[in-house]
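One structure is given here, and the rest of the page talks about it.
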Amino acid sequence: MSHLSPFQIFLLLSIVKIAVVLVILLTTVAYTVLLERKVLGHIQNRWGPSRVGPFGLLQPLADGIKLFLKEDLMPLAAERPLFVIAPIIALTCALISIAVVPFGAVHRIHGVDIFAITDINIGLLVILGITSIGVYGIALSGWSSNNKFSLLGSLRATSQMVSYELALGLSLVGVVLRAQSLSLRTIVESQSAHGLLSWNFFGGYQFVAFFIYLMAAYAETNRAPFDLPEAESELVAGYHTEYSSMKFAMFFMAEYANMVIVSCVATLMFFGGASSPFGNLIPAFGGAVVQALLPVFWFVVKVFAFLLLYIWVRGTLPRFRYDQLMSFGWKFLLPLAMANIIITSLVLALHG
Amino acid sequence: MNIDHSILTIIILIPLAGAILLALLPDKGKLMPWGALAVTLVTFVCTLHLPFHFDYGAASGSFQFATDQQWVASPAIRYHLGVDGLSMWLVVLTGLLAPLGVLVSWRVIDTRKKTFYILFLLQQVAMLGVFVSLDLLLYYSFWELSIVPMTLLIASFGRTENRRRAGIKFFLYAFIPSAILLVGILWLYARTGTFDLPRLANLAAAHGISGNSTALWLCSLAFLVAFAVKVPVFPLHGWLSDAISEAPTAAVMVLAGKLGLYSILRFSFGIFPEQSHRIAPLLIALGAIGIVYGALMALVQKDLKRLSAYATLSAVAFIILGIFSFTVSGLDGGIFHIVSESLTGAAFFMLLGFLYERYGTYDIRELGGIASRLPWMVTMFVIMTLSLVGLPMLNGFVGEFLILAGSMQSVFAHHVAWTVFATSGVILSASYMLWMIQRVFYGNLGVKPENMTAWDIDAREHLAMWPLLILFLVMGVAPPIWLRAIDTAGARIAATVPQPQQANSPLKLEANTAEGGQR
Amino acid sequence: MAAQVPTAYYLVLAAILFSIGVGSFLIKRNIITIFISIELMLNAVNLTFVAFAHQWHQISGQIFVFFVMVVAAAEAAVGLAIIIAIFRTRQTLNVDQIDLMKL
Amino acid sequence: MQLALFIIFGALAVAGALNLLLQRHPINSALSLVVVMMSLAVLYWSLGAEFLAAAQVIVYSGAIMVLFVFVIMLLNAGKEEKTTGSRAAYIAGFPGAAAIFCLLTFVFLSEQKALGVANLGGHLNSGLNNIEELSRVLFTKLLLPFEVTSVLILVAILGAVVLARKEDQ
Amino acid sequence: MQSLSPNILALLPEYILTIVGVLIMLAEPLLPPASSRKPLGWLAILGTVAAALASWCQLHLGTLTAFSGTVQVDTFSVFFHLLISAIVLVTLLISLDYFEGSARHAGEYFALIVFSAVGMMLMTCATELLLVFVGLEISSIATYILCGFRKGSATGAESSIKYFLLGSFATAFFLYGIALAFGATGSTSIAAIAAGLATTTTPRLAFLALAMILIGLGFKVSSAPFHVWTPDVYQGAPSPVVGYMSTAPKAAAFAVLLRITFSAFGPMEHRWAVLMWILAALSMTIGNLGAMLQRDVKRLLAYSSIAHAGYILVAFTALRSEGIAAVCFYTATYAAMQVGAFAVVTQVTGYDEQIRSIDDYTGLALKRPVLAAFLGLFLISLIGIPFTGGFFGKFYVFSSAVHSNHVWLAVVGLFNSGIACFYYLRLLAALYTRPATENTRLDRSSRSLGVPAGIGLTLAAAATLVLGIFPGHFLNLAQRAGAAPAPTSAASTPATVPPAAVTLPMQ
């Protein structure tokens with residue numbers, strides 16, 4: 001590729017990276033759905049999908065085809081442009097965040113870091129920002145449907161997301177304080193020295209922050225036990241009651257993509273990202289390719305563990321009541337997050 | 001410590017303290033009028049200190065009983081009080097009229113006595129303050145302050161439903177020009193850095209205020225207009241008849257004349273001598289017109305109060321005529337006439353008040369033929385009338401004569417014609433007053449007297465009237481007692497005029513009389 | 001690629017946004033939209049600040065913008081609370097109908 | 001690149017602002033403003049204010065405007081009606097806005113020479129990244145305003161609570 | 001005391017008030033819902049007194065700068081600190097009984113007043129426009145809320161929203177002005193702006209900045225033609241709040257205006273003096289003419305406050321120290337009489353505010369003579385009759401204008417004050433005339449004057465009188481404020497990089 005200018009190489013590789021990551025992400029999303037159904041099935045003592053393909057492995061494909069071929073309903077009373085834009089916003093925001101996630105160690109080909117689409121110094125802020133934009137998708141979908149259940153669902157979802165965003169953001173401050181950077185790469189590096197022991201979760205004493213993050217993140221993604229916006233028993237299906245076909249599929253994908261992103265962030269922030277849990281205990285082995293891919297492996301494992309946790313929680317915990325949800329967020333998580341910040345900064349200030 | 005230096009402060013403070021005291025006392029029975037009477041009498045006694053200790057031989061232009069302390073450091077406002085021949089008798093006069101005012105209000109004011117007497121005393125404070133202040137800003141403060149109690153007196157104790165309007169009208173007429181006056185004062189201060197009157201006068205004499213003659217001219221106009229409205233000079237008299245016909249007797253007695261005229265003499269003439277000279281012909285003309293206009297208007301009034309208002313207008317116009325002649329006799333006469341007219345006017349208003357107490361009306365058409373029922377009343381009315389029309393041997397004559405004589409001598413253009421014109425006012429005043437007496441007291445019995453039984457002047461009213469009647473006579477036969485002091489002031493003001501051909505005046509004799517009294 | 005943009009252009013862009021904000025503030029009849037116009041004006045101001053901060057190489061301009069954002073957030077909280085309060089009492093958001101007090 | 005960014009996102013911002021003005025429904029206006037804000041975020045980034053670009057997205061678009069949208073949804077605000085007041089407003093509004101615009105533009109363009117040009121990135125002080133430099137000034141020289149902001153937020157919270165609480169308590 | 005760091009010493013009053021505000025806020029939910037909130041009010045009063053004492057102590061410390069030069073505490077800011085504390089004190093005293101009968105979130109009310117005072121105090125001592133902005137917003141936001149404090153009252157909410165929208169609108173202009181000033185000089189600190197203006201290459205930008213700032217602050221001090229919000233807001237807001245918001249924020253805004261015009265834009269005085277001339281003349285005239293048409297007492301006082309803002313602006317045309325002193329003095333006298341007048345209005349109308357028009361006040365002197373006498377005094381002072389503060393305020397303002405050769409402005413102003421007495425008198429005369437028919441509305445307000453409110457009224461009246469009879473000490477204080485040094489650029493050096501000269505290469 002030497003006849004290409006550095007800029008052209010950069011451009012080309014970037015496009016390739018984006019394409020690959022996007023495909024992987026979407027596949028992950030699809031198979032997370034399958035995973036969830038399977039795991040839930042086992043938790044509830046049943047099989048889950050098992051007919052389409054071996055172990056039901058082609059089920060996501062079938063679902064996709066079904067949704068794609070379904071009739072695309074457009075309610076008469078809906079605000080057309082917003083009704084169409086809403087799912088697009090939701091999905092786009094969910095997918096964009098992956099752009100700043102480093103899923104491997106720094107590995108440059110032609111000066112381009114191949115295990116992260118981009119590494120910018122305010123990566124964390126970008127994720128937070130994009131997450132906060134995602135609210136519009138839900139808010140607008142409910143409103144533009146012109147359906148009271150949708151509206152109520154989206155009102156609930158919006159206020160829930162706005163409320164928990166606060167706790168979520170604050171829970172990450174402790175980590176940022178420790179790493180003294182907003183770049184995700186730097187944050188990961190700050191945890192990679194001694195493997196597991198230097199992870200923020202263990203070595204950094206950020207487990208409180210982690211739990212806050214976890215709960216806030218569940219609420220952010222409208223997942224059980226905070227899945228009130230789409231509580232079937234109360235609101236039909238919440239904000240996406242009126243959606244069908246591909247538009248519905250977009251919401252569906254957005255939800256699972258968000259889960260993946262949240263898991264990625266949890267991994268990066270608290271569990272050392274792509275670094276090995278054993279640090280330097282295990283000597284390096286294998287060739288360059290293995291060395292390059294091993295961090296990716298660790299990363300995937302960790303993210304996968306979080307996804308499992310998601311499903312596990314959904315299978316186990318009952319749903320909150322709305323007022324409980326709010327008071328939990330504002331009266332418990334938020335003060336706790338603040339306390340965590342204060343203590344962390346005090347410790348950092350006193351111990352250098 | 002010599003009391004001479006604090007007597008003026010005491011004179012101001014007594015009514016003020018009295019007002020505060022009354023505010024704290026309960027409004028029960030006759031407590032308020034008694035209290036007010038006591039306060040005003042004490043004040044009057046204190047004012048009498050002045051003529052007895054006045055140094056009649058002091059250098060012309062010097063102020064006596066002076067006190068001069070710093071009030072505000074920067075801007076340099078001083079608490080500078082003092083009197084000279086011009087103001088001394090006005091202070092005494094104010095002191096005298098106050099107890100009389102309380103006496104005439106004795107029965108008329110039966111509700112809200114407390115408010116009334118407090119406002120009345122505050123009014124007195126303000127007037128006394130105006131007469132004794134020698135610092136321009138201190139003076140201005142009292143000047144403005146004098147408006148408020150008067151407005152409230154008119155607005156709350158007025159006779160008819162029209163009272164609120166009359167009060168506001170009075171206030172606006174008084175306040176707006178004096179707001180402009182403040183600009184003038186500020187301008188002077190910006191030029192000279194002082195508010196002190198004697199210093200300003202000295203600077204003025206030395207042409208040291210400002211080289212900008214236009215600005216100086218405008219400034220002098222600001223002063224003059226503010227004062228002229230208060231007097232009121234002829235075209236600016238719009239407030240007078242409303243205010244006089246609404247205001248309670250005690251307030252009317254001090255309403256017109258004194259303050260404005262004194263201010264013209266003291267400040268316009270003191271600080272802007274040249275400008276005053278230049279505008280004198282206009283003022284002489286306005287004075288003459290005012291005399292005749294007032295008299296003619298009085299002639300056609302059906303309401304006694306309005307008649308008295310126009311009579312007042314006519315009388316103050318006389319004084320304007322006199323003082324703007326800038327001759328010794330004109331000025332002396334003017335100043336004398338201020339005192340004398342105040343007394344006569346007070347008597348007039350008091351008698352009208354008595355009449356109103358009895359019959360509840362000022363309408364001439366409803367009255368008539370009461371002479372036989374109220375002999376004392378008619379006697380007093382006639383004496384007052386004679387004083388007002390200027391019968392020799394009574395006070396009115398001295399002033400009018402000196403004024404007319406002075407204006408004949410005046411150095412300014414057009415004077416003779418105007419003086420002759422003004423003289424006709426004397427005749428007119430005699431006609432409307434006497435005609436008024438005739439209509440009210442003689443002839444057929446009016447509607448009101450027929451249906452109402454009235455009592456003649458009672459003891460309290462005698463007590464209020466006699467001092468005035470006696471003064472009419474004394475001032476008429478022995479004017480030098482007063483002129484002695486007044487002349488020191490008059491002569492000083494006249495001396496500012498570049499002295500021309502006064503020697504050929506045919507009326508030199510009278511001026512000599514005045515000067516004789518000086519020694 | 002190295003094409004440069006005069007700072008003045010940024011300022012003019014900010015001026016356009018500010019003027020549209022002012023116009024919208026004056027023209028719009030819905031309280032919420034009026035409030036939105038104010039936010040637009042604030043954004044225009046922020047752009048001005050950032051452009052000047054860039055031009056002077058002074059970070060304080062950017063800090064100012066940061067504060068404007070914080071203040072805007074506080075204002076939004078209070079303003080929307082007031083709007084809800086007025087909707088409760090009057091059941092309308094049209095400024096022309098919020099006219100209990102006239103001469 | 002700078003020029004391209006400026007033209008694209010400047011145009012987008014103006015279009016958003018105009019749409020804000022022209023739309024009759026508050027929610028559309030609010031969304032137009034979000035567009036403006038996002039374009040501005042890009043412009044901030046191009047002017048070397050990365051932190052502000054992120055803050056713009058998080059605080060403005062992500063929090064403030066969501067609040068707006070939320071309230072619009074909550075009150076179920078309808079389209080604007082044309083009233084007599086609006087005609088008067090048009091008469092005052094357009095010339096007023098135009099006058100301000102002309103004045104500002106005139107001044108800016110006439111001072112163009114003195115104002116210089118902008119470069120992509122626009123680094124303030126070499127060696128420090130944007131956030132570091134910003135926080136350094138914020139916590140030293142401008143510490144007091146930063147601290148005082150807490151009072152501001154306290155007041156806002158207090159106010160929101162007071163206003164939102166029902167009277168019958 | 002000397003051992004304390006200047007950072008603490010310079011902001012002592014603000015610290016005290018903030019702590020008190022937080023305490024009130026914390027205590028409010030802990031008190032039982034039905035219990036009286038008066039103790040919280042007293043706590044606030046105590047805190048205000050302490051803050052005032054702290055400012056008084058600062059007077060003897062000379063000029064303090066703190067927080068890297070963002071704050072300068074000198075006689076000027078101490079003057080305004082004292083003034084604001086005094087206003088807050090009287091307002092709190094008056095408000096104590098206002099909420100009687102039900103708790104009505106009185107705790108939050110006191111906290112908001114105290115917090116807004118913090119904001120205003122910061123405005124007066126800030127030398128960094130960023131701090132000014134934050135302070136301004138603290139006070140503004142608190143006042144927006146206070147305006148709508150009578151919940152369920154439609155006029156209250158309306159007043160709140162109007163104030164809020166126009167206030168924010170003004171803030172945007174103010175900010176734009178600061179941005180342009182920053183563009184012209186490269187700094188937002190007052191000293192650095194002054195230094196930068198001397199060498200600026202973009203004078204037009206600077207003038208534009210000044211104009212924008214003037215528009216913004218013109219709204220805040222409700223000077224014409226930026227006064228449109230004033231009557232509506234004053235009419236709808238709770239009376240004690242109006243008394244407060246028509247004085248304290250204005251005092252703070254004037255302090256900022258003084259700092260910005262005389263210190264920051266000092267080099268451009270010849271240009272802004274003209275603007276001030278126009279603003280002053282317009283405010284006086286529009287305020288007074290507008291007031292003449294009003295029947296509602298609160299609206300009348302609102303227009304009168306516009307006129308008074310005009311009088312104060314007159315002093316801006318004067319020479320530096322004299323003008324500043326005149327503004328300080330007038331602001332103080334205006335505060336005394338305005339707060340007093342609204343205190344009486346509060347007492348007359350009570351919480352439900354049913355007594356509105358001048359006619360409703362007819363015969364007040366018969367029913368409640370003491371209140372009428374107080375109101376009479378304040379009205380007389382507002383007219384500007386001697387021996388009240390109003391007179392000396394006017395005197396001082398116009399004297400400073402005449403001194404710097406703005407005689408015609410003084411003529412306009414004093415002529416205006418002549419017109420003004422017309423509407424004040426209408427109210428004054430109404431108080432003292434017997435009503436034609438029995439005024440039953442007043443009977444409803446026949447609560448007796450509470451002790452705290454009595455103290456508050458007496459304080460305001462005493463201040464009005466003392467400022468009118470013995471203005472010496474206070475004038476001295478104002479003159480010291482006027483003579484306070486302009487903020488110096490000790491810690492805040494202006495950007496020395498000429499803007500166009502440096503164009504860094506692309507990375």
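Following the order of the structure tokens, first chain is A, next is B, and so on, with residues numbered from 1 inside each chain and ligands from 1 in the order they appear.
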Practice item. Excluding C:Ala51 and residues on its chain fewer than 6 positions from it, collect all residues at most 7 Å away from it, counting only C-alpha atoms, and give them as number ranges by chain. Key: C: 7, 10; D: 47
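Every protein or nucleic acid residue with an atom no more than 9 Å from E:Asn476, counting only C-alpha atoms and leaving out same-chain residues fewer than 3 positions away, appears here: Ala73 and Ser74 of chain B; Ala325, Pro471, Gly472, His473, Gln479, Arg480 and Ala481 of chain E.
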Filtering to C-alpha atoms, could you give me those residues as a PDB file, in the first residue's frame?
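Written file, again.pdb:
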ATOM      1  CA  ALA B  73     -19.091  68.828  54.529  1.00  0.00           C
ATOM      2  CA  SER B  74     -19.138  68.122  50.854  1.00  0.00           C
TER       3      SER B  74
ATOM      4  CA  ALA E 325     -20.692  58.858  44.954  1.00  0.00           C
ATOM      5  CA  PRO E 471     -26.657  63.054  55.281  1.00  0.00           C
ATOM      6  CA  GLY E 472     -23.125  63.951  56.223  1.00  0.00           C
ATOM      7  CA  HIS E 473     -21.820  60.608  57.422  1.00  0.00           C
ATOM      8  CA  GLN E 479     -17.730  59.619  48.642  1.00  0.00           C
ATOM      9  CA  ARG E 480     -15.277  57.113  49.958  1.00  0.00           C
ATOM     10  CA  ALA E 481     -16.968  54.566  47.754  1.00  0.00           C
TER      11      ALA E 481
END
Check your understanding: What residues in chain A lie within 9 Å of chain D, counting only C-alpha atoms, written as a VMD selection string?
Key -> chain A and resid 82 121 to 122 125 to 126 128 to 136 139 to 140 143 151 155 158 to 159 162
Go ahead and save the picked residues with C-alpha atoms, as a PDB file, in the first residue's frame.
ATOM      1  CA  LEU A  82     -40.639  12.458  13.838  1.00  0.00           C
ATOM      2  CA  ASN A 121      -8.770  12.385  24.355  1.00  0.00           C
ATOM      3  CA  ILE A 122     -12.354  12.945  25.427  1.00  0.00           C
ATOM      4  CA  LEU A 125     -17.319  12.347  27.216  1.00  0.00           C
ATOM      5  CA  VAL A 126     -18.208  11.296  23.710  1.00  0.00           C
ATOM      6  CA  LEU A 128     -21.755  10.082  27.616  1.00  0.00           C
ATOM      7  CA  GLY A 129     -22.786  12.682  25.090  1.00  0.00           C
ATOM      8  CA  ILE A 130     -24.032  10.205  22.566  1.00  0.00           C
ATOM      9  CA  THR A 131     -25.866   8.268  25.229  1.00  0.00           C
ATOM     10  CA  SER A 132     -27.620  11.410  26.275  1.00  0.00           C
ATOM     11  CA  ILE A 133     -28.672  12.123  22.720  1.00  0.00           C
ATOM     12  CA  GLY A 134     -30.172   8.659  22.571  1.00  0.00           C
ATOM     13  CA  VAL A 135     -32.946   9.881  24.835  1.00  0.00           C
ATOM     14  CA  TYR A 136     -34.447  11.773  21.934  1.00  0.00           C
ATOM     15  CA  ALA A 139     -38.899  10.643  23.789  1.00  0.00           C
ATOM     16  CA  LEU A 140     -39.867  11.426  20.231  1.00  0.00           C
ATOM     17  CA  TRP A 143     -44.696  11.606  21.503  1.00  0.00           C
ATOM     18  CA  LEU A 151     -46.557   8.930  25.532  1.00  0.00           C
ATOM     19  CA  LEU A 155     -42.297  10.164  29.539  1.00  0.00           C
ATOM     20  CA  THR A 158     -37.150   9.997  29.429  1.00  0.00           C
ATOM     21  CA  SER A 159     -37.335  10.962  33.058  1.00  0.00           C
ATOM     22  CA  VAL A 162     -32.328  11.750  32.571  1.00  0.00           C
TER      23      VAL A 162
END
Practice item. Check the DSSP output for the backbone and give back, as a PyMOL selection string, the residues of stretch 248-485 of chain E in alpha helix (DSSP H). Key: chain E and resi 248-258+269-292+297-314+320-349+364-367+369-383+389-403+407-432+441-444+451-469+472-482
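Neighbouring residues of stretch 471-474 of chain B at 6 Å or closer, counting only C-alpha atoms and skipping chain neighbours under 3 positions away, are Leu394, Asn395, Leu468, Val477 and Ala478 of chain B.
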Serialized selection, N, CA and C atoms, as a PDB file, in the first residue's frame:
ATOM      1  N   LEU B 394     -54.304 104.247  59.097  1.00  0.00           N
ATOM      2  CA  LEU B 394     -54.268 102.801  59.269  1.00  0.00           C
ATOM      3  C   LEU B 394     -53.066 102.249  58.483  1.00  0.00           C
ATOM      4  N   ASN B 395     -52.753 101.004  58.745  1.00  0.00           N
ATOM      5  CA  ASN B 395     -51.504 100.443  58.211  1.00  0.00           C
ATOM      6  C   ASN B 395     -51.443 100.425  56.696  1.00  0.00           C
ATOM      7  N   LEU B 468     -54.855  92.270  66.161  1.00  0.00           N
ATOM      8  CA  LEU B 468     -54.690  92.717  64.781  1.00  0.00           C
ATOM      9  C   LEU B 468     -55.210  94.133  64.614  1.00  0.00           C
ATOM     10  N   VAL B 477     -50.108 104.793  62.586  1.00  0.00           N
ATOM     11  CA  VAL B 477     -49.673 106.077  63.138  1.00  0.00           C
ATOM     12  C   VAL B 477     -48.179 106.096  63.452  1.00  0.00           C
ATOM     13  N   ALA B 478     -47.603 104.947  63.678  1.00  0.00           N
ATOM     14  CA  ALA B 478     -46.180 104.964  64.026  1.00  0.00           C
ATOM     15  C   ALA B 478     -45.381 104.013  63.169  1.00  0.00           C
TER      16      ALA B 478
END
Practice item. Pick out the closest residue to chain C from this set: D:Ser135, D:Thr105, D:Ser32, D:Thr140. Count only C-alpha atoms. Key: D:Thr105
**Study point:** Exercise answer, chain E residues close to chain C, 9 Å and only C-alpha atoms, as a PyMOL selection string
**Key:** chain E and resi 130+133-134+137-138+141+144-145+148+151-161+164-165+168-169+171-173+175-180+182-188+231-233+235-236+293-296+299+495-500+502-503+506
**Study point:** Selection: 10 Å around stretch 369-375 of chain E, only C-alpha atoms, excl. self and same-chain fewer than 6 positions, as a list of chain:residue names
**Key:**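 Here the qualifying residues turn out to be B:Thr115, E:Met337, E:Gly340, E:Ala341, E:Phe342, E:Ala343, E:Val344, E:Val345, E:Gln347, E:Val348, E:Tyr361, E:Gly363, E:Ser381, E:Leu427, E:Leu428, E:Leu431, E:Tyr432, E:Leu449, E:Gly454, E:Leu457, E:Thr458, E:Ala460, E:Ala461.
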Check your understanding: So how far away is atom CA of E:Ile19 from atom CA of E:Val132, in Å?
Key ->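 Computing the Euclidean distance for atom CA of E:Val132 and atom CA of E:Ile19 yields 20.6 Å.
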Practice item. Output the contact residues of chain B with respect to chain E at a cut-off of 8 Å, based on only C-alpha atoms, as a VMD selection string. Key: chain B and resid 71 to 74 140 to 142 144 to 145 148 152 155 to 156 164 167 to 168 172 175 to 177 179 to 180 182 to 183 186 to 187 189 to 191
Next, dump the selected residues to file, keeping only N, CA and C atoms, as an mmCIF file, in the first residue's frame.
data_model
loop_
_atom_site.group_PDB
_atom_site.id
_atom_site.type_symbol
_atom_site.label_atom_id
_atom_site.label_comp_id
_atom_site.auth_asym_id
_atom_site.auth_seq_id
_atom_site.Cartn_x
_atom_site.Cartn_y
_atom_site.Cartn_z
ATOM 1 N N TRP B 71 -23.215 71.817 57.931
ATOM 2 C CA TRP B 71 -24.261 70.785 57.964
ATOM 3 C C TRP B 71 -23.750 69.557 57.225
ATOM 4 N N VAL B 72 -23.389 69.759 55.981
ATOM 5 C CA VAL B 72 -22.788 68.677 55.210
ATOM 6 C C VAL B 72 -21.448 69.192 54.700
ATOM 7 N N ALA B 73 -20.428 68.346 54.866
ATOM 8 C CA ALA B 73 -19.091 68.828 54.529
ATOM 9 C C ALA B 73 -18.949 69.019 53.019
ATOM 10 N N SER B 74 -19.274 68.002 52.287
ATOM 11 C CA SER B 74 -19.138 68.122 50.854
ATOM 12 C C SER B 74 -20.333 67.454 50.218
ATOM 13 N N TYR B 140 -33.731 76.441 50.510
ATOM 14 C CA TYR B 140 -34.538 75.688 49.552
ATOM 15 C C TYR B 140 -35.258 74.537 50.244
ATOM 16 N N SER B 141 -34.564 73.920 51.192
ATOM 17 C CA SER B 141 -35.196 72.819 51.907
ATOM 18 C C SER B 141 -36.465 73.281 52.609
ATOM 19 N N PHE B 142 -36.344 74.397 53.327
ATOM 20 C CA PHE B 142 -37.533 74.892 54.035
ATOM 21 C C PHE B 142 -38.608 75.331 53.053
ATOM 22 N N GLU B 144 -39.272 74.169 50.081
ATOM 23 C CA GLU B 144 -39.996 73.016 49.561
ATOM 24 C C GLU B 144 -40.857 72.406 50.648
ATOM 25 N N LEU B 145 -40.299 72.348 51.844
ATOM 26 C CA LEU B 145 -41.020 71.724 52.942
ATOM 27 C C LEU B 145 -42.329 72.458 53.192
ATOM 28 N N VAL B 148 -45.566 71.018 51.512
ATOM 29 C CA VAL B 148 -46.231 69.750 51.825
ATOM 30 C C VAL B 148 -47.350 69.902 52.847
ATOM 31 N N LEU B 152 -51.382 69.164 52.196
ATOM 32 C CA LEU B 152 -52.184 68.206 52.946
ATOM 33 C C LEU B 152 -53.314 68.910 53.684
ATOM 34 N N ALA B 155 -55.846 69.489 51.061
ATOM 35 C CA ALA B 155 -56.462 68.269 50.545
ATOM 36 C C ALA B 155 -57.286 67.559 51.596
ATOM 37 N N SER B 156 -56.879 67.625 52.851
ATOM 38 C CA SER B 156 -57.670 66.873 53.824
ATOM 39 C C SER B 156 -58.691 67.721 54.562
ATOM 40 N N ARG B 164 -59.308 67.829 46.953
ATOM 41 C CA ARG B 164 -58.137 67.077 46.542
ATOM 42 C C ARG B 164 -57.496 67.729 45.312
ATOM 43 N N GLY B 167 -55.687 70.866 46.227
ATOM 44 C CA GLY B 167 -54.414 70.611 46.880
ATOM 45 C C GLY B 167 -53.343 70.247 45.872
ATOM 46 N N ILE B 168 -53.708 69.357 44.965
ATOM 47 C CA ILE B 168 -52.715 68.925 43.978
ATOM 48 C C ILE B 168 -52.321 70.083 43.074
ATOM 49 N N LEU B 172 -48.563 71.375 42.530
ATOM 50 C CA LEU B 172 -47.880 71.389 41.231
ATOM 51 C C LEU B 172 -47.393 72.789 40.902
ATOM 52 N N PHE B 175 -44.455 73.330 43.114
ATOM 53 C CA PHE B 175 -43.305 72.430 43.081
ATOM 54 C C PHE B 175 -42.541 72.489 41.768
ATOM 55 N N ILE B 176 -43.253 72.489 40.661
ATOM 56 C CA ILE B 176 -42.547 72.406 39.379
ATOM 57 C C ILE B 176 -41.585 73.581 39.201
ATOM 58 N N PRO B 177 -42.032 74.816 39.430
ATOM 59 C CA PRO B 177 -41.058 75.901 39.292
ATOM 60 C C PRO B 177 -39.915 75.765 40.285
ATOM 61 N N ALA B 179 -38.626 73.087 41.318
ATOM 62 C CA ALA B 179 -37.680 72.085 40.813
ATOM 63 C C ALA B 179 -36.679 72.763 39.881
ATOM 64 N N ILE B 180 -37.190 73.659 39.069
ATOM 65 C CA ILE B 180 -36.290 74.384 38.170
ATOM 66 C C ILE B 180 -35.377 75.301 38.989
ATOM 67 N N LEU B 182 -34.189 74.596 41.731
ATOM 68 C CA LEU B 182 -33.077 73.777 42.226
ATOM 69 C C LEU B 182 -31.965 73.675 41.184
ATOM 70 N N VAL B 183 -32.359 73.564 39.920
ATOM 71 C CA VAL B 183 -31.327 73.538 38.878
ATOM 72 C C VAL B 183 -30.500 74.814 38.965
ATOM 73 N N LEU B 186 -28.195 74.615 41.818
ATOM 74 C CA LEU B 186 -27.090 73.694 41.531
ATOM 75 C C LEU B 186 -26.089 74.330 40.578
ATOM 76 N N TRP B 187 -26.628 75.045 39.628
ATOM 77 C CA TRP B 187 -25.737 75.695 38.665
ATOM 78 C C TRP B 187 -24.843 76.718 39.383
ATOM 79 N N TYR B 189 -23.997 76.605 42.417
ATOM 80 C CA TYR B 189 -23.016 75.889 43.222
ATOM 81 C C TYR B 189 -21.869 75.378 42.361
ATOM 82 N N ALA B 190 -22.251 74.869 41.183
ATOM 83 C CA ALA B 190 -21.206 74.356 40.298
ATOM 84 C C ALA B 190 -20.246 75.468 39.891
ATOM 85 N N ARG B 191 -20.787 76.685 39.789
ATOM 86 C CA ARG B 191 -19.922 77.803 39.378
ATOM 87 C C ARG B 191 -19.078 78.330 40.529
#
Exercise for review: Go ahead and compute the interatomic distance for atom CA of E:Ala484 and atom CA of E:Asp74, in Å to one decimal.
Suggested key: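 Separation of atom CA of E:Ala484 and atom CA of E:Asp74: 6.3 Å.
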Check your understanding: Near stretch 212-227 of chain A, counting only C-alpha atoms, which residues have an atom at most 9 Å away, once you skip same-chain residues fewer than 2 positions from it, shown as number ranges by chain?
Key -> A: 131, 157, 160-172, 207-210, 229-231, 255-256, 258-259, 262-263, 266, 310-311, 313-322, 325, 329, 333-334, 336-337
Exercise for review: Check the smallest atom-to-atom distance from each of D:Met37, D:Leu52, D:Leu103, D:Leu134 to chain E using only C-alpha atoms, then report the winner.
Suggested key: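 Between D:Met37, D:Leu52, D:Leu103, D:Leu134, the residue approaching chain E most closely is D:Leu103.
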